[in-house]
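Remarks on the structure that follows.
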Amino acid sequence: MLPLVAVAGRIGASGKVSRLEVSFAGRRYLDAVMRAGGEPVTLAPRELTDAEADSLLSRFDGLLLMGGSDVDPDAYGQERHERTYGVDRRNDDFEMALCRAADRLRLPTLAVCRGMQVANVAFGGTLHQHLADLDLAVEVAHGPHGFPSPPEGVEHPIDIAAGSMLAHALEGYDTPPAISYHHQAVDRLGEGFTATAWAADGQVEAMERAEGWFVCLQWHPEDTAPDDPSQQRIYDVFVARASATQG
């Protein structure tokens, strides 16, 4: 049987396709999971107790958290910055509940961009709400000019810690560039996380938890995975770990 990967869905506004709010997952994420041999299943956001989150995820072999809009700053004790956008606490609370359940269940987890930020906040970490406000010695473009309007991200190099789960996943491949599309980033790491990749300006580009296969990336490997084996490899290893949990 194909490993089942739970994809934390997102609440979206009504539009021409639907009269009411929708629950959705981005096609690029789903395609990357399917190319890796997994079967993605989109979960509709809802309120979850710890026990409910554990019960829900116990049916799956892995968890994927997508990119998206900003996390509610109130969730990490800050006032909202004027550039913070798209906040919907229903999405935040749902995804944070899944993160903590995945950790308790030792469920293989891949968290991408916003997903990394959600995971960090779920374990008590904080975020930089707007990177352009920081006085950094090295300038790195983490998003396209005019963000968040242009649809595609920008590339920049990253350094990956030797011996990390991410480094092992990419063994035999050249270090891929980060495909960045964000204006926020991890500040104080959440409890249990270790930073494992960085941009030239010092911003954390990946982090991992000590127990289980729980890998968080600030960039979007799925954007170029169809043509870049090193980016697809991250999804391949994630799904392989999910497959190993079956039975």
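Each chain in the structure tokens gets a letter, A, B, ..., in the order shown, and its residues are numbered from 1; ligands are numbered from 1 in order too.
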
| field | Asp174 in chain A surroundings by only C-alpha atoms, 12 Å radius, close-in-sequence under 2 positions cut, as a ChimeraX atom specification | value | /A:157-160,167-172,176-177,228-231,233

Generate a file of the selected residues that holds C-alpha atoms, formatted as a PDB file, in the first residue's frame.
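The resulting selection00.pdb:
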ATOM      1  CA  PRO A 157      22.562  29.530  -1.631  1.00  0.00           C
ATOM      2  CA  ILE A 158      22.403  27.846   1.762  1.00  0.00           C
ATOM      3  CA  ASP A 159      24.806  26.022   4.070  1.00  0.00           C
ATOM      4  CA  ILE A 160      23.639  22.719   5.564  1.00  0.00           C
ATOM      5  CA  ALA A 167      22.375  16.475   4.969  1.00  0.00           C
ATOM      6  CA  HIS A 168      21.811  12.708   5.042  1.00  0.00           C
ATOM      7  CA  ALA A 169      18.733  13.092   2.831  1.00  0.00           C
ATOM      8  CA  LEU A 170      20.807  14.968   0.242  1.00  0.00           C
ATOM      9  CA  GLU A 171      23.859  12.711   0.435  1.00  0.00           C
ATOM     10  CA  GLY A 172      25.286  12.283  -3.047  1.00  0.00           C
ATOM     11  CA  PRO A 176      20.306  22.800  -3.777  1.00  0.00           C
ATOM     12  CA  PRO A 177      19.573  26.527  -3.711  1.00  0.00           C
ATOM     13  CA  ASP A 228      15.719  19.261  -9.930  1.00  0.00           C
ATOM     14  CA  PRO A 229      16.439  15.792  -8.463  1.00  0.00           C
ATOM     15  CA  SER A 230      18.074  17.296  -5.362  1.00  0.00           C
ATOM     16  CA  GLN A 231      14.872  19.150  -4.428  1.00  0.00           C
ATOM     17  CA  ARG A 233      15.039  13.999  -3.145  1.00  0.00           C
TER      18      ARG A 233
END

| message | I'd like the neighbourhood of Leu64 in chain A as a PyMOL selection string, where a residue qualifies if any of its atoms comes within 8 Å (using only C-alpha atoms), though same-chain residues fewer than 3 positions away should be ignored. | response | chain A and resi 5-8+109-112

| note | Counting only C-alpha atoms, closest pick from A:Cys113, A:Asn91, A:Ala244, A:Ala200 relative to Tyr29 in chain A is A:Cys113

Do a neighbour search on Phe147 in chain A at 8 Å with only C-alpha atoms, toss out local chain neighbours closer than 5 positions, and write the hits as a PDB file with N, CA and C atoms, in the first residue's frame.
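Dumped to selection-v6.pdb:
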ATOM      1  N   TYR A 181      10.354  32.423  -0.741  1.00  0.00           N
ATOM      2  CA  TYR A 181       9.170  33.240  -0.983  1.00  0.00           C
ATOM      3  C   TYR A 181       8.565  33.573   0.381  1.00  0.00           C
ATOM      4  N   HIS A 182       9.272  34.424   1.117  1.00  0.00           N
ATOM      5  CA  HIS A 182       8.806  34.756   2.471  1.00  0.00           C
ATOM      6  C   HIS A 182       9.383  36.091   2.906  1.00  0.00           C
ATOM      7  N   HIS A 183       8.750  36.693   3.894  1.00  0.00           N
ATOM      8  CA  HIS A 183       9.284  37.935   4.469  1.00  0.00           C
ATOM      9  C   HIS A 183       9.463  37.801   5.979  1.00  0.00           C
TER      10      HIS A 183
END

| task | Find the residues around Cys99 in chain A up to 12 Å (only C-alpha atoms counted), leave out those fewer than 5 positions away in its own chain, and share them as a PyMOL selection string. | result | chain A and resi 6-8+48+50+53-54+57+62-65+92-94+104-111+115-123+190+209+214-216

Output file for the selection above: N, CA and C atoms, as a compact mmCIF listing (two decimals), in the first residue's frame:
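What landed in again-v5.txt:
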# COMPACT_ATOMS: atom_id res chain seq x y z
N ALA A 6 -0.63 12.83 5.43
CA ALA A 6 -1.61 13.85 5.79
C ALA A 6 -1.05 15.22 5.42
N VAL A 7 -1.79 15.97 4.63
CA VAL A 7 -1.40 17.33 4.26
C VAL A 7 -2.33 18.29 5.00
N ALA A 8 -1.76 19.12 5.84
CA ALA A 8 -2.58 20.07 6.60
C ALA A 8 -3.20 21.06 5.64
N LEU A 48 -9.01 21.09 17.35
CA LEU A 48 -8.59 19.76 17.80
C LEU A 48 -8.04 19.81 19.21
N ASP A 50 -5.71 17.70 22.02
CA ASP A 50 -4.52 16.87 21.85
C ASP A 50 -4.92 15.43 21.50
N ALA A 53 -6.17 15.24 17.92
CA ALA A 53 -5.08 15.35 16.95
C ALA A 53 -4.29 14.05 16.88
N ASP A 54 -4.05 13.43 18.02
CA ASP A 54 -3.35 12.14 18.04
C ASP A 54 -4.15 11.08 17.29
N LEU A 57 -4.05 11.78 13.38
CA LEU A 57 -2.78 11.49 12.71
C LEU A 57 -2.37 10.03 12.84
N GLY A 62 2.67 9.91 7.58
CA GLY A 62 3.50 11.11 7.56
C GLY A 62 2.64 12.34 7.57
N LEU A 63 3.27 13.49 7.87
CA LEU A 63 2.57 14.78 7.91
C LEU A 63 3.35 15.80 7.11
N LEU A 64 2.64 16.55 6.25
CA LEU A 64 3.24 17.62 5.46
C LEU A 64 2.54 18.93 5.78
N LEU A 65 3.33 19.95 6.10
CA LEU A 65 2.82 21.30 6.35
C LEU A 65 3.28 22.20 5.21
N ASP A 92 -3.75 28.44 11.94
CA ASP A 92 -2.60 28.33 12.84
C ASP A 92 -2.82 27.27 13.91
N ASP A 93 -3.96 27.35 14.58
CA ASP A 93 -4.22 26.44 15.70
C ASP A 93 -4.31 24.99 15.21
N PHE A 94 -4.94 24.79 14.06
CA PHE A 94 -5.05 23.45 13.49
C PHE A 94 -3.67 22.87 13.19
N ARG A 104 4.52 13.80 19.22
CA ARG A 104 4.19 12.78 20.21
C ARG A 104 4.16 11.39 19.59
N LEU A 105 3.68 11.31 18.34
CA LEU A 105 3.56 10.02 17.65
C LEU A 105 4.84 9.61 16.93
N ARG A 106 5.83 10.50 16.92
CA ARG A 106 7.07 10.27 16.16
C ARG A 106 6.75 10.02 14.69
N LEU A 107 5.83 10.78 14.15
CA LEU A 107 5.39 10.64 12.77
C LEU A 107 6.32 11.44 11.86
N PRO A 108 6.87 10.85 10.81
CA PRO A 108 7.72 11.61 9.89
C PRO A 108 6.99 12.87 9.41
N THR A 109 7.68 14.00 9.51
CA THR A 109 7.04 15.29 9.23
C THR A 109 7.97 16.16 8.40
N LEU A 110 7.40 16.77 7.36
CA LEU A 110 8.11 17.75 6.55
C LEU A 110 7.30 19.04 6.59
N ALA A 111 7.93 20.12 7.05
CA ALA A 111 7.26 21.42 7.19
C ALA A 111 7.97 22.43 6.29
N GLY A 115 5.04 26.44 7.07
CA GLY A 115 4.97 25.26 7.91
C GLY A 115 6.09 25.22 8.93
N MET A 116 7.28 25.64 8.54
CA MET A 116 8.40 25.71 9.48
C MET A 116 8.12 26.74 10.56
N GLN A 117 7.56 27.87 10.17
CA GLN A 117 7.26 28.92 11.14
C GLN A 117 6.17 28.48 12.11
N VAL A 118 5.15 27.80 11.60
CA VAL A 118 4.09 27.26 12.45
C VAL A 118 4.67 26.27 13.45
N ALA A 119 5.52 25.36 12.96
CA ALA A 119 6.13 24.36 13.84
C ALA A 119 6.96 25.02 14.94
N ASN A 120 7.70 26.06 14.58
CA ASN A 120 8.52 26.75 15.57
C ASN A 120 7.65 27.37 16.66
N VAL A 121 6.57 28.03 16.26
CA VAL A 121 5.68 28.66 17.22
C VAL A 121 4.96 27.60 18.06
N ALA A 122 4.63 26.46 17.46
CA ALA A 122 3.94 25.39 18.18
C ALA A 122 4.73 24.90 19.39
N PHE A 123 6.06 25.04 19.33
CA PHE A 123 6.91 24.58 20.43
C PHE A 123 7.56 25.75 21.18
N GLY A 190 12.06 27.10 18.73
CA GLY A 190 11.17 26.42 19.64
C GLY A 190 11.88 25.28 20.37
N ARG A 209 13.98 18.29 14.69
CA ARG A 209 13.78 17.84 16.06
C ARG A 209 14.63 16.62 16.33
N PHE A 214 11.67 14.78 11.75
CA PHE A 214 10.85 16.00 11.75
C PHE A 214 11.74 17.10 11.20
N VAL A 215 11.59 17.39 9.91
CA VAL A 215 12.48 18.31 9.20
C VAL A 215 11.67 19.51 8.71
N CYS A 216 12.18 20.71 8.98
CA CYS A 216 11.51 21.95 8.59
C CYS A 216 12.41 22.75 7.66

| task | Find, counting only C-alpha atoms, the residue in A:Gly38, A:Gly26, A:Gly163, A:Gly9 that gets nearest to Val239 in chain A. | result |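 Comparing A:Gly38, A:Gly26, A:Gly163, A:Gly9 against Val239 in chain A, the winner is A:Gly38.
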
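Each of A:Gly86, A:Gly202, A:Gly15, A:Gly37 was checked against Arg241 in chain A using only C-alpha atoms; the smallest atom-to-atom distance is that of A:Gly37.
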
| Skipping near chain neighbours, those fewer than 5 positions away, what residues fall within 10 Å of Val87 in chain A using only C-alpha atoms, listed as a VMD selection string? | chain A and resid 68 to 73 80 92

| task | Apply DSSP to the backbone of this structure and, from range 47-246 of chain A, keep only the residues in alpha helix (DSSP H); write these as a PyMOL selection string. | result | chain A and resi 50-57+89-105+114-122+165-169+221-224+229-244

Output file for the residues above (C-alpha atoms, as an mmCIF file, in the first residue's frame):
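Final file, again-v8.cif:
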data_model
loop_
_atom_site.group_PDB
_atom_site.id
_atom_site.type_symbol
_atom_site.label_atom_id
_atom_site.label_comp_id
_atom_site.auth_asym_id
_atom_site.auth_seq_id
_atom_site.Cartn_x
_atom_site.Cartn_y
_atom_site.Cartn_z
ATOM 1 C CA ASP A 50 -4.519 16.865 21.850
ATOM 2 C CA ALA A 51 -6.338 13.529 21.962
ATOM 3 C CA GLU A 52 -8.245 14.310 18.759
ATOM 4 C CA ALA A 53 -5.077 15.354 16.954
ATOM 5 C CA ASP A 54 -3.348 12.144 18.038
ATOM 6 C CA SER A 55 -6.308 10.035 16.891
ATOM 7 C CA LEU A 56 -6.487 11.799 13.529
ATOM 8 C CA LEU A 57 -2.782 11.489 12.713
ATOM 9 C CA ARG A 89 -5.902 31.802 13.593
ATOM 10 C CA ARG A 90 -8.061 28.792 12.657
ATOM 11 C CA ASN A 91 -5.329 27.603 10.305
ATOM 12 C CA ASP A 92 -2.597 28.331 12.842
ATOM 13 C CA ASP A 93 -4.220 26.436 15.696
ATOM 14 C CA PHE A 94 -5.046 23.449 13.488
ATOM 15 C CA GLU A 95 -1.511 23.145 12.132
ATOM 16 C CA MET A 96 0.122 23.674 15.528
ATOM 17 C CA ALA A 97 -2.054 20.910 17.013
ATOM 18 C CA LEU A 98 -0.935 18.589 14.214
ATOM 19 C CA CYS A 99 2.731 19.484 14.765
ATOM 20 C CA ARG A 100 2.583 18.586 18.430
ATOM 21 C CA ALA A 101 0.669 15.381 17.707
ATOM 22 C CA ALA A 102 3.216 14.362 15.061
ATOM 23 C CA ASP A 103 5.977 14.872 17.607
ATOM 24 C CA ARG A 104 4.190 12.777 20.213
ATOM 25 C CA LEU A 105 3.564 10.025 17.651
ATOM 26 C CA ARG A 114 5.091 28.851 6.684
ATOM 27 C CA GLY A 115 4.974 25.256 7.906
ATOM 28 C CA MET A 116 8.404 25.710 9.478
ATOM 29 C CA GLN A 117 7.256 28.918 11.142
ATOM 30 C CA VAL A 118 4.090 27.256 12.448
ATOM 31 C CA ALA A 119 6.129 24.363 13.845
ATOM 32 C CA ASN A 120 8.518 26.746 15.567
ATOM 33 C CA VAL A 121 5.678 28.656 17.224
ATOM 34 C CA ALA A 122 3.945 25.391 18.180
ATOM 35 C CA MET A 165 18.885 14.632 8.728
ATOM 36 C CA LEU A 166 18.716 17.080 5.842
ATOM 37 C CA ALA A 167 22.375 16.475 4.969
ATOM 38 C CA HIS A 168 21.811 12.708 5.042
ATOM 39 C CA ALA A 169 18.733 13.092 2.831
ATOM 40 C CA PRO A 221 11.746 22.383 -2.752
ATOM 41 C CA GLU A 222 8.473 21.466 -4.479
ATOM 42 C CA ASP A 223 8.711 24.555 -6.722
ATOM 43 C CA THR A 224 11.602 23.150 -8.756
ATOM 44 C CA PRO A 229 16.439 15.792 -8.463
ATOM 45 C CA SER A 230 18.074 17.296 -5.362
ATOM 46 C CA GLN A 231 14.872 19.150 -4.428
ATOM 47 C CA GLN A 232 12.674 16.132 -5.199
ATOM 48 C CA ARG A 233 15.039 13.999 -3.145
ATOM 49 C CA ILE A 234 13.815 15.742 0.028
ATOM 50 C CA TYR A 235 10.270 14.577 -0.682
ATOM 51 C CA ASP A 236 11.547 11.132 -1.700
ATOM 52 C CA VAL A 237 13.285 10.627 1.628
ATOM 53 C CA PHE A 238 10.322 12.012 3.561
ATOM 54 C CA VAL A 239 7.930 9.583 1.871
ATOM 55 C CA ALA A 240 10.419 6.726 2.324
ATOM 56 C CA ARG A 241 10.460 7.462 6.055
ATOM 57 C CA ALA A 242 6.671 7.534 6.041
ATOM 58 C CA SER A 243 6.623 4.178 4.253
ATOM 59 C CA ALA A 244 8.911 2.718 6.896
#

| query | Of the candidates A:Ser180, A:Thr49, A:Ser164, A:Thr245, which one gets nearest to Glu208 in chain A if we count only C-alpha atoms? | reply |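 Smallest separation from Glu208 in chain A among the options: A:Ser164.
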
| said: Just list as a VMD selection string whatever in range 60-222 of chain A DSSP marks as strand (DSSP E). | reply: chain A and resid 62 to 65 109 to 112 127 to 128 154 to 156 159 to 160 178 to 180 185 to 186 193 to 198 204 to 209 214 to 217

Selection from above, C-alpha atoms, as a compact mmCIF listing (two decimals), in the first residue's frame, can you write it?
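To be explicit, this is the file written out as out.txt:
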# COMPACT_ATOMS: atom_id res chain seq x y z
CA GLY A 62 3.50 11.11 7.56
CA LEU A 63 2.57 14.78 7.91
CA LEU A 64 3.24 17.62 5.46
CA LEU A 65 2.82 21.30 6.35
CA THR A 109 7.04 15.29 9.23
CA LEU A 110 8.11 17.75 6.55
CA ALA A 111 7.26 21.42 7.19
CA VAL A 112 7.77 23.94 4.37
CA LEU A 127 9.45 34.80 14.50
CA HIS A 128 10.94 37.86 12.88
CA VAL A 154 13.95 33.80 -5.73
CA GLU A 155 17.00 31.57 -5.36
CA HIS A 156 19.91 31.94 -2.94
CA ASP A 159 24.81 26.02 4.07
CA ILE A 160 23.64 22.72 5.56
CA ALA A 178 16.80 27.82 -1.49
CA ILE A 179 13.72 28.84 -3.48
CA SER A 180 12.57 31.61 -1.16
CA ALA A 185 11.71 33.89 9.50
CA VAL A 186 12.48 31.96 12.65
CA PHE A 193 14.57 22.21 17.56
CA THR A 194 18.12 22.52 16.24
CA ALA A 195 19.02 24.79 13.34
CA THR A 196 20.58 22.78 10.49
CA ALA A 197 20.84 25.20 7.54
CA TRP A 198 21.45 28.91 7.12
CA VAL A 204 17.74 29.86 9.68
CA GLU A 205 16.82 27.93 6.52
CA ALA A 206 16.19 24.53 8.13
CA MET A 207 15.67 23.03 11.57
CA GLU A 208 15.05 19.56 12.95
CA ARG A 209 13.78 17.84 16.06
CA PHE A 214 10.85 16.00 11.75
CA VAL A 215 12.48 18.31 9.20
CA CYS A 216 11.51 21.95 8.59
CA LEU A 217 12.61 24.00 5.57

| field | CA of Gly77 in chain A to CA of Ala13 in chain A, straight-line distance in Å | value | 26.6 Å

| Distance criterion (only C-alpha atoms): nearest to Ala161 in chain A out of A:Gly67, A:Thr175, A:His220, A:Val17 |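 Of all the options, A:Thr175 lies closest to Ala161 in chain A.
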
| query | Using only C-alpha atoms, which of A:Arg28, A:Tyr76, A:Gln246, A:Thr126 sits nearest Arg188 in chain A? | reply |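 Selected residue with least distance to Arg188 in chain A: A:Thr126.
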